[in-house]
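Here's upload-v9.csv, which has CSV, C-alpha atoms and all ligand atoms:
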```csv
chain,number,residue,atom,x,y,z
A,1,MET,CA,125.7,133.2,103.5
A,2,LYS,CA,122.6,132.1,105.3
A,3,ASN,CA,121.8,128.4,105.4
A,4,LYS,CA,119.8,127.6,102.3
A,5,TRP,CA,118.9,124.2,103.6
A,6,ASN,CA,116.7,125.4,106.4
A,7,HIS,CA,114.6,122.3,106.8
A,8,ASN,CA,112.0,124.0,108.9
A,9,LYS,CA,111.4,126.9,106.6
A,10,ILE,CA,111.2,124.6,103.4
A,11,SER,CA,108.9,122.2,105.2
A,12,LYS,CA,106.6,125.0,106.4
A,13,GLU,CA,106.4,126.5,102.9
A,14,LEU,CA,105.7,123.1,101.4
A,15,GLN,CA,102.8,122.6,103.7
A,16,LYS,CA,101.4,126.0,103.1
A,17,ASN,CA,101.8,126.5,99.4
A,18,GLY,CA,102.5,122.9,98.2
A,19,TYR,CA,105.8,124.0,96.6
A,20,TYR,CA,109.1,125.7,97.4
A,21,VAL,CA,111.5,127.5,95.0
A,22,PHE,CA,115.0,126.6,95.9
A,23,GLU,CA,117.2,129.4,94.4
A,24,GLU,CA,120.4,128.2,92.7
A,25,TYR,CA,120.1,124.5,93.4
A,26,PHE,CA,122.6,124.0,90.7
A,27,SER,CA,125.6,126.4,90.9
A,28,LYS,CA,126.7,128.1,87.7
A,29,LYS,CA,129.4,125.5,87.3
A,30,ASP,CA,127.1,122.6,87.8
A,31,LEU,CA,124.6,124.1,85.4
A,32,LYS,CA,127.3,124.5,82.7
A,33,GLU,CA,128.5,120.9,83.3
A,34,ILE,CA,125.0,119.6,82.9
A,35,LYS,CA,124.5,121.5,79.7
A,36,ASP,CA,127.9,120.3,78.4
A,37,THR,CA,127.2,116.7,79.1
A,38,LEU,CA,123.8,117.0,77.3
A,39,LEU,CA,125.5,118.8,74.4
A,40,ARG,CA,128.2,116.1,74.1
A,41,THR,CA,125.5,113.4,74.0
A,42,LEU,CA,123.7,115.2,71.2
A,43,ASN,CA,127.0,115.7,69.4
A,44,TYR,CA,127.6,112.0,69.6
A,45,ILE,CA,124.6,111.5,67.4
A,46,LYS,CA,125.9,113.9,64.7
A,47,PRO,CA,129.1,115.9,65.4
A,48,CYS,CA,129.3,119.6,64.5
A,49,LYS,CA,130.8,122.7,66.0
A,50,GLU,CA,127.6,124.0,67.5
A,51,ALA,CA,128.2,124.8,71.2
A,52,ASN,CA,124.8,126.2,72.1
A,53,LEU,CA,122.6,123.4,73.6
A,54,GLN,CA,119.3,124.9,72.4
A,55,LYS,CA,120.6,125.3,68.8
A,56,LYS,CA,122.2,121.9,68.8
A,57,TYR,CA,118.9,120.4,70.0
A,58,TYR,CA,117.0,121.8,67.0
A,59,LYS,CA,119.8,120.7,64.6
A,60,ILE,CA,119.5,117.1,65.8
A,61,LYS,CA,115.7,117.2,65.8
A,62,LYS,CA,115.9,118.3,62.1
A,63,PHE,CA,118.6,115.6,61.4
A,64,ASP,CA,116.7,112.7,62.9
A,65,SER,CA,113.8,113.3,65.4
A,66,LYS,CA,113.8,109.6,66.3
A,67,LEU,CA,117.5,109.8,67.5
A,68,LYS,CA,116.6,113.1,69.2
A,69,GLY,CA,114.1,111.0,71.1
A,70,HIS,CA,116.8,108.5,72.0
A,71,TRP,CA,118.9,111.3,73.5
A,72,TYR,CA,115.9,112.1,75.6
A,73,ASP,CA,115.5,108.5,76.7
A,74,ILE,CA,119.1,107.9,77.6
A,75,SER,CA,119.7,111.2,79.4
A,76,PRO,CA,118.1,110.1,82.7
A,77,TYR,CA,120.9,107.5,83.0
A,78,ASN,CA,123.6,110.1,82.6
A,79,ILE,CA,125.7,109.8,85.8
A,80,ASN,CA,127.1,113.4,85.5
A,81,ILE,CA,123.6,114.6,85.9
A,82,LEU,CA,122.5,112.2,88.6
A,83,GLN,CA,125.5,113.1,90.7
A,84,LYS,CA,124.5,116.7,90.8
A,85,LEU,CA,120.8,116.0,91.1
A,86,HIS,CA,121.1,113.6,94.1
A,87,LYS,CA,123.1,116.0,96.3
A,88,PRO,CA,123.4,114.9,100.0
A,89,GLU,CA,121.7,118.1,101.2
A,90,MET,CA,118.6,117.3,99.2
A,91,ILE,CA,118.6,113.6,100.2
A,92,ASN,CA,118.9,114.7,103.9
A,93,PHE,CA,116.1,117.2,103.5
A,94,VAL,CA,113.7,114.5,102.0
A,95,LYS,CA,114.5,112.2,104.8
A,96,THR,CA,113.7,114.9,107.4
A,97,TYR,CA,110.6,115.9,105.6
A,98,PHE,CA,109.1,112.4,105.5
A,99,LYS,CA,110.6,111.4,108.8
A,100,THR,CA,112.3,108.3,107.3
A,101,LYS,CA,115.8,107.0,107.0
A,102,ASP,CA,115.2,105.4,103.5
A,103,ILE,CA,114.2,107.0,100.3
A,104,PHE,CA,114.0,105.8,96.7
A,105,SER,CA,114.7,107.5,93.3
A,106,GLY,CA,111.2,107.3,91.7
A,107,ARG,CA,112.1,108.6,88.3
A,108,PRO,CA,114.9,110.9,87.3
A,109,ALA,CA,114.2,112.4,83.9
A,110,ILE,CA,114.8,115.2,81.6
A,111,HIS,CA,111.8,117.0,80.2
A,112,VAL,CA,112.1,118.8,76.8
A,113,HIS,CA,109.5,121.3,75.6
A,114,ASP,CA,110.3,123.0,72.3
A,115,ASP,CA,108.5,125.6,70.3
A,116,GLU,CA,106.0,123.1,68.8
A,117,ASN,CA,104.4,122.9,72.3
A,118,ASP,CA,103.1,119.4,71.4
A,119,LYS,CA,104.2,117.8,74.6
A,120,LEU,CA,102.7,120.2,77.2
A,121,LEU,CA,101.3,118.3,80.2
A,122,ASP,CA,97.7,118.9,81.3
A,123,PRO,CA,97.0,119.6,85.0
A,124,HIS,CA,97.8,116.5,87.1
A,125,GLN,CA,99.1,115.4,90.4
A,126,GLU,CA,102.3,113.2,90.5
A,127,THR,CA,101.1,109.7,90.7
A,128,ASN,CA,102.4,106.3,89.4
A,129,GLN,CA,105.3,106.2,91.9
A,130,PHE,CA,106.5,103.6,94.4
A,131,ALA,CA,105.1,105.6,97.3
A,132,ARG,CA,101.8,107.5,97.4
A,133,ASP,CA,103.4,110.7,98.7
A,134,THR,CA,106.6,112.0,97.1
A,135,LEU,CA,108.6,115.1,96.7
A,136,VAL,CA,108.9,116.2,93.1
A,137,PHE,CA,111.9,118.0,91.9
A,138,TRP,CA,111.9,120.2,88.8
A,139,SER,CA,114.8,122.4,87.7
A,140,PRO,CA,115.0,124.2,84.3
A,141,LEU,CA,118.4,124.7,82.6
A,142,PHE,CA,117.2,127.9,81.0
A,143,ASP,CA,115.1,130.7,82.5
A,144,THR,CA,111.4,130.0,82.4
A,145,ASN,CA,108.9,132.8,82.0
A,146,GLU,CA,105.9,134.0,79.9
A,147,LYS,CA,108.1,134.1,76.8
A,148,ASN,CA,109.9,130.7,77.2
A,149,GLY,CA,107.1,128.9,78.9
A,150,GLY,CA,107.4,127.0,82.1
A,151,MET,CA,105.5,125.2,84.9
A,152,ALA,CA,102.2,126.2,86.3
A,153,VAL,CA,100.8,125.3,89.7
A,154,TYR,CA,97.2,125.4,90.9
A,155,LYS,CA,96.9,127.3,94.1
A,156,ASN,CA,96.0,125.3,97.2
A,157,SER,CA,95.2,122.2,95.2
A,158,HIS,CA,97.5,120.2,97.5
A,159,LYS,CA,95.0,120.6,100.3
A,160,TYR,CA,92.2,118.2,99.1
A,161,GLY,CA,94.0,114.8,98.8
A,162,TYR,CA,94.3,113.0,95.4
A,163,PHE,CA,91.8,113.5,92.6
A,164,GLU,CA,90.8,110.9,90.1
A,165,HIS,CA,93.0,110.9,87.0
A,166,LYS,CA,92.0,110.2,83.4
A,167,LEU,CA,94.4,108.8,80.8
A,168,GLU,CA,92.7,109.4,77.5
A,169,HIS,CA,93.7,112.5,75.6
A,170,PRO,CA,91.6,115.4,76.9
A,171,ARG,CA,91.1,117.0,73.4
A,172,LEU,CA,89.5,114.2,71.5
A,173,GLY,CA,90.6,113.7,68.0
A,174,LYS,CA,94.0,115.4,68.6
A,175,LYS,CA,97.0,113.2,68.1
A,176,SER,CA,98.6,112.2,71.4
A,177,TRP,CA,102.3,111.7,71.9
A,178,THR,CA,101.8,109.3,74.8
A,179,ASP,CA,99.3,106.6,75.8
A,180,LYS,CA,99.4,107.6,79.4
A,181,TYR,CA,98.0,111.2,79.2
A,182,THR,CA,97.5,111.6,83.0
A,183,HIS,CA,95.2,114.5,83.8
A,184,ILE,CA,92.4,115.7,86.1
A,185,ASP,CA,89.0,116.7,84.8
A,186,GLU,CA,88.6,120.4,83.8
A,187,LYS,CA,85.6,120.8,86.2
A,188,ILE,CA,87.9,120.2,89.2
A,189,ILE,CA,90.8,122.2,87.8
A,190,ASN,CA,88.6,125.3,87.2
A,191,ARG,CA,88.2,125.6,91.0
A,192,PHE,CA,91.8,126.6,91.4
A,193,GLU,CA,93.8,129.7,90.5
A,194,ARG,CA,96.5,128.9,88.0
A,195,ILE,CA,99.9,130.4,88.7
A,196,HIS,CA,102.7,130.6,86.1
A,197,LEU,CA,106.0,130.0,87.9
A,198,LYS,CA,108.9,132.0,86.7
A,199,VAL,CA,112.0,130.1,87.7
A,200,ASN,CA,115.6,131.0,86.9
A,201,ALA,CA,118.0,128.5,85.2
A,202,GLY,CA,119.5,126.2,87.9
A,203,SER,CA,116.9,127.0,90.5
A,204,ALA,CA,114.5,124.2,91.5
A,205,VAL,CA,110.9,123.8,92.4
A,206,ILE,CA,110.4,121.2,95.1
A,207,PHE,CA,106.8,120.3,95.4
A,208,LEU,CA,104.3,117.9,96.9
A,209,SER,CA,103.0,115.1,94.7
A,210,SER,CA,99.5,116.2,95.6
A,211,LEU,CA,100.0,119.7,94.2
A,212,VAL,CA,98.3,120.0,90.8
A,213,HIS,CA,100.7,121.2,88.1
A,214,SER,CA,101.0,121.6,84.3
A,215,GLY,CA,103.1,123.2,81.7
A,216,TYR,CA,102.5,126.5,80.0
A,217,ASN,CA,103.4,127.5,76.4
A,218,ASN,CA,106.8,128.4,75.0
A,219,LYS,CA,106.1,131.4,72.8
A,220,LYS,CA,109.7,132.0,71.6
A,221,LYS,CA,110.7,130.3,68.3
A,222,GLY,CA,114.0,128.5,68.6
A,223,SER,CA,113.8,128.3,72.4
A,224,VAL,CA,113.6,125.0,74.1
A,225,ARG,CA,112.9,124.3,77.8
A,226,ILE,CA,115.0,121.5,79.2
A,227,THR,CA,114.4,120.6,82.8
A,228,ILE,CA,115.9,118.0,85.2
A,229,THR,CA,113.3,116.2,87.2
A,230,GLU,CA,113.1,113.6,89.9
A,231,ARG,CA,110.5,112.1,92.3
A,232,PHE,CA,111.9,111.3,95.8
A,233,ASN,CA,109.9,108.4,97.3
A,234,PRO,CA,110.0,107.7,101.1
A,235,LEU,CA,109.7,104.2,102.6
A,236,LYS,CA,106.1,105.0,103.4
A,237,LYS,CA,102.8,104.0,101.8
A,238,ILE,CA,104.4,101.6,99.3
A,239,PRO,CA,101.8,99.0,98.3
A,240,PHE,CA,104.4,96.9,96.4
A,241,LEU,CA,106.1,96.0,99.7
A,242,LYS,CA,102.8,95.2,101.5
A,243,ASN,CA,100.8,93.4,98.9
A,244,ARG,CA,102.1,90.4,96.9
A,245,ASN,CA,100.0,91.3,93.8
A,246,ALA,CA,100.8,95.0,93.7
A,247,THR,CA,102.7,96.4,90.8
A,248,ILE,CA,106.0,98.2,91.6
A,249,LYS,CA,104.5,101.6,90.6
A,250,ILE,CA,101.1,102.5,91.9
A,251,PRO,CA,98.8,102.5,88.9
A,252,PHE,CA,97.4,105.8,87.6
A,253,GLN,CA,93.9,104.5,87.8
A,254,GLY,CA,91.7,101.9,89.5
A,255,ILE,CA,93.0,102.7,93.0
A,256,ASN,CA,91.9,105.2,95.6
A,257,TYR,CA,95.1,107.1,96.4
A,258,ASN,CA,93.5,108.6,99.5
A,259,LYS,CA,93.0,105.2,101.0
A,260,ILE,CA,96.4,103.7,100.5
A,261,PRO,CA,97.5,102.5,104.0
A,262,ASP,CA,101.0,102.5,105.5
B,1,FE,FE,104.2,116.0,86.8
```
This structure in structure tokens:
Amino acid sequence: MKNKWNHNKISKELQKNGYYVFEEYFSKKDLKEIKDTLLRTLNYIKPCKEANLQKKYYKIKKFDSKLKGHWYDISPYNINILQKLHKPEMINFVKTYFKTKDIFSGRPAIHVHDDENDKLLDPHQETNQFARDTLVFWSPLFDTNEKNGGMAVYKNSHKYGYFEHKLEHPRLGKKSWTDKYTHIDEKIINRFERIHLKVNAGSAVIFLSSLVHSGYNNKKKGSVRITITERFNPLKKIPFLKNRNATIKIPFQGINYNKIPD
């Protein structure tokens, strides 16, 4: 088998396209174990014999959507998942990429997008981290495609530095699920070609924090997109360690990202 962790190749592609699709980041066995641990956690809320994670998700959502939200909130602390996510090969790659010996876990998370499509993210760059520049990791547990929805990237958008972000809901009057609706103005977004990535279950998109990305719609009733994400932060351009008054995470707004010194 050829070496999948070819640092040179991955780095070159990241520079060129802003992202790299790492095939089978999670082995079939890892993928099953991740789904199983998420299923057991849902089952703890209300036990039943359902063994399909997507069906179980909808059952718990119907039973108590608030507790479903608690499952979402507690899952980033699940050590079974963290062990598989933080694999040594990935950590080594991030260190090589940023030419540093020290990296930080910016925010492991699971993302859940069901057939309501009410939590789709508008186009944004990955900000509000410890470091200005990070490598973002995104891996779906089920295939993503035009039917199930997925992640979109904006071609060459990583080549222009960081754009200003807004936090208010872009479609005024529409109820927002979050008070930090980070996104870039449509006028800027329209300059870039939008590409819908189709990523197989267990494969991962590794991308630059400066690459503009968003979600695209799930059109299949009863399907839910569950993804494992992380932001790998290098010991570089971290205002919190240079400025006594800085917040631990760089604020979304009120700061010129392009002028953050090292
Ligand atoms: Fe993002």
Produce as a CSV table (one decimal) with C-alpha atoms, keeping the file's coordinate frame the set of residues near ligand FE 1 (chain B), where near means within 12 Å with all atoms listed in the file considered.
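Heads up, here's the output in out11.csv:
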```
chain,number,residue,atom,x,y,z
A,107,ARG,CA,112.1,108.6,88.3
A,108,PRO,CA,114.9,110.9,87.3
A,109,ALA,CA,114.2,112.4,83.9
A,110,ILE,CA,114.8,115.2,81.6
A,111,HIS,CA,111.8,117.0,80.2
A,120,LEU,CA,102.7,120.2,77.2
A,121,LEU,CA,101.3,118.3,80.2
A,122,ASP,CA,97.7,118.9,81.3
A,123,PRO,CA,97.0,119.6,85.0
A,124,HIS,CA,97.8,116.5,87.1
A,125,GLN,CA,99.1,115.4,90.4
A,126,GLU,CA,102.3,113.2,90.5
A,127,THR,CA,101.1,109.7,90.7
A,128,ASN,CA,102.4,106.3,89.4
A,129,GLN,CA,105.3,106.2,91.9
A,134,THR,CA,106.6,112.0,97.1
A,135,LEU,CA,108.6,115.1,96.7
A,136,VAL,CA,108.9,116.2,93.1
A,137,PHE,CA,111.9,118.0,91.9
A,138,TRP,CA,111.9,120.2,88.8
A,151,MET,CA,105.5,125.2,84.9
A,152,ALA,CA,102.2,126.2,86.3
A,153,VAL,CA,100.8,125.3,89.7
A,181,TYR,CA,98.0,111.2,79.2
A,182,THR,CA,97.5,111.6,83.0
A,183,HIS,CA,95.2,114.5,83.8
A,184,ILE,CA,92.4,115.7,86.1
A,205,VAL,CA,110.9,123.8,92.4
A,206,ILE,CA,110.4,121.2,95.1
A,207,PHE,CA,106.8,120.3,95.4
A,208,LEU,CA,104.3,117.9,96.9
A,209,SER,CA,103.0,115.1,94.7
A,210,SER,CA,99.5,116.2,95.6
A,211,LEU,CA,100.0,119.7,94.2
A,212,VAL,CA,98.3,120.0,90.8
A,213,HIS,CA,100.7,121.2,88.1
A,214,SER,CA,101.0,121.6,84.3
A,215,GLY,CA,103.1,123.2,81.7
A,227,THR,CA,114.4,120.6,82.8
A,228,ILE,CA,115.9,118.0,85.2
A,229,THR,CA,113.3,116.2,87.2
A,230,GLU,CA,113.1,113.6,89.9
A,231,ARG,CA,110.5,112.1,92.3
```
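The space between atom CA of Ile103 of chain A and atom CA of Ile91 of chain A spans 7.9 Å.
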ask   = Near Glu13 of chain A, counting all atoms listed in the file, which residues have an atom at most 12 Å away, once you skip same-chain residues fewer than 2 positions from it, shown as a ChimeraX atom specification?
value = /A:6-11,15-22,97,156,205-208
message = From the options A:Phe142, A:Phe232, A:His158, A:Asp30, which residue's atoms come nearest to Ile189 of chain A, counting only C-alpha atoms?
response = A:His158
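Atom CA of Arg40 of chain A sits 14.4 Å away from atom CA of Tyr58 of chain A.
In terms of minimum interatomic distance to Phe163 of chain A, A:Ile255 ranks closest within A:Leu14, A:Leu235, A:Ile255, A:Leu42, counting all atoms listed in the file.
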note = atom CA of Lys249 of chain A to atom CA of Gly106 of chain A measures 8.9 Å
Neighbours of Ser203 of chain A within 8 Å (all atoms listed in the file; same-chain residues fewer than 2 positions away dropped), as a short mmCIF file (atom, residue, chain, number, x, y, z; two decimals) with C-alpha atoms, in the frame of the given file?
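The resulting selection_13.cif:
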```
data_model
loop_
_atom_site.label_atom_id
_atom_site.label_comp_id
_atom_site.auth_asym_id
_atom_site.auth_seq_id
_atom_site.Cartn_x
_atom_site.Cartn_y
_atom_site.Cartn_z
CA VAL A 21 111.50 127.50 95.00
CA PHE A 22 115.00 126.60 95.90
CA GLU A 23 117.20 129.40 94.40
CA GLU A 24 120.40 128.20 92.70
CA TYR A 25 120.10 124.50 93.40
CA PHE A 26 122.60 124.00 90.70
CA SER A 139 114.80 122.40 87.70
CA PRO A 140 115.00 124.20 84.30
CA VAL A 199 112.00 130.10 87.70
CA ASN A 200 115.60 131.00 86.90
CA ALA A 201 118.00 128.50 85.20
CA VAL A 205 110.90 123.80 92.40
#
```
key: Spatial neighbours of Lys155 of chain A, max dist 7 Å, all atoms listed in the file, sep filter under 6 positions, as a ChimeraX atom specification   = /A:192-195
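Among the candidates A:Asn256, A:Asn117, A:Asn243, A:Asn233, the one nearest to Asn218 of chain A when counting only C-alpha atoms is A:Asn117.
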Written coordinates, N, CA and C atoms of segment 190-202 of chain A as an mmCIF file, in the first residue's frame:
```cif
data_model
loop_
_atom_site.group_PDB
_atom_site.id
_atom_site.type_symbol
_atom_site.label_atom_id
_atom_site.label_comp_id
_atom_site.auth_asym_id
_atom_site.auth_seq_id
_atom_site.Cartn_x
_atom_site.Cartn_y
_atom_site.Cartn_z
ATOM 1 N N ASN A 190 -20.111 35.603 -3.922
ATOM 2 C CA ASN A 190 -20.501 35.422 -5.326
ATOM 3 C C ASN A 190 -19.326 35.456 -6.298
ATOM 4 N N ARG A 191 -18.181 35.922 -5.816
ATOM 5 C CA ARG A 191 -16.987 35.948 -6.690
ATOM 6 C C ARG A 191 -16.423 34.542 -6.900
ATOM 7 N N PHE A 192 -16.805 33.627 -6.031
ATOM 8 C CA PHE A 192 -16.167 32.311 -6.063
ATOM 9 C C PHE A 192 -17.114 31.209 -6.536
ATOM 10 N N GLU A 193 -16.530 30.255 -7.233
ATOM 11 C CA GLU A 193 -17.307 29.092 -7.684
ATOM 12 C C GLU A 193 -17.524 28.153 -6.498
ATOM 13 N N ARG A 194 -18.776 27.713 -6.347
ATOM 14 C CA ARG A 194 -19.102 26.831 -5.222
ATOM 15 C C ARG A 194 -19.000 25.374 -5.667
ATOM 16 N N ILE A 195 -18.269 24.585 -4.913
ATOM 17 C CA ILE A 195 -18.093 23.168 -5.255
ATOM 18 C C ILE A 195 -18.704 22.315 -4.154
ATOM 19 N N HIS A 196 -19.615 21.429 -4.531
ATOM 20 C CA HIS A 196 -20.211 20.510 -3.554
ATOM 21 C C HIS A 196 -19.316 19.278 -3.422
ATOM 22 N N LEU A 197 -18.677 19.124 -2.287
ATOM 23 C CA LEU A 197 -17.799 17.959 -2.106
ATOM 24 C C LEU A 197 -18.640 16.718 -1.842
ATOM 25 N N LYS A 198 -18.248 15.637 -2.467
ATOM 26 C CA LYS A 198 -18.900 14.351 -2.210
ATOM 27 C C LYS A 198 -17.877 13.470 -1.528
ATOM 28 N N VAL A 199 -18.073 13.263 -0.248
ATOM 29 C CA VAL A 199 -17.065 12.569 0.557
ATOM 30 C C VAL A 199 -17.664 11.293 1.130
ATOM 31 N N ASN A 200 -16.930 10.203 0.982
ATOM 32 C CA ASN A 200 -17.421 8.919 1.494
ATOM 33 C C ASN A 200 -17.317 8.850 3.008
ATOM 34 N N ALA A 201 -18.171 8.045 3.602
ATOM 35 C CA ALA A 201 -18.156 7.825 5.047
ATOM 36 C C ALA A 201 -16.758 7.412 5.491
ATOM 37 N N GLY A 202 -16.237 8.086 6.507
ATOM 38 C CA GLY A 202 -14.925 7.727 7.063
ATOM 39 C C GLY A 202 -13.753 8.424 6.395
#
```
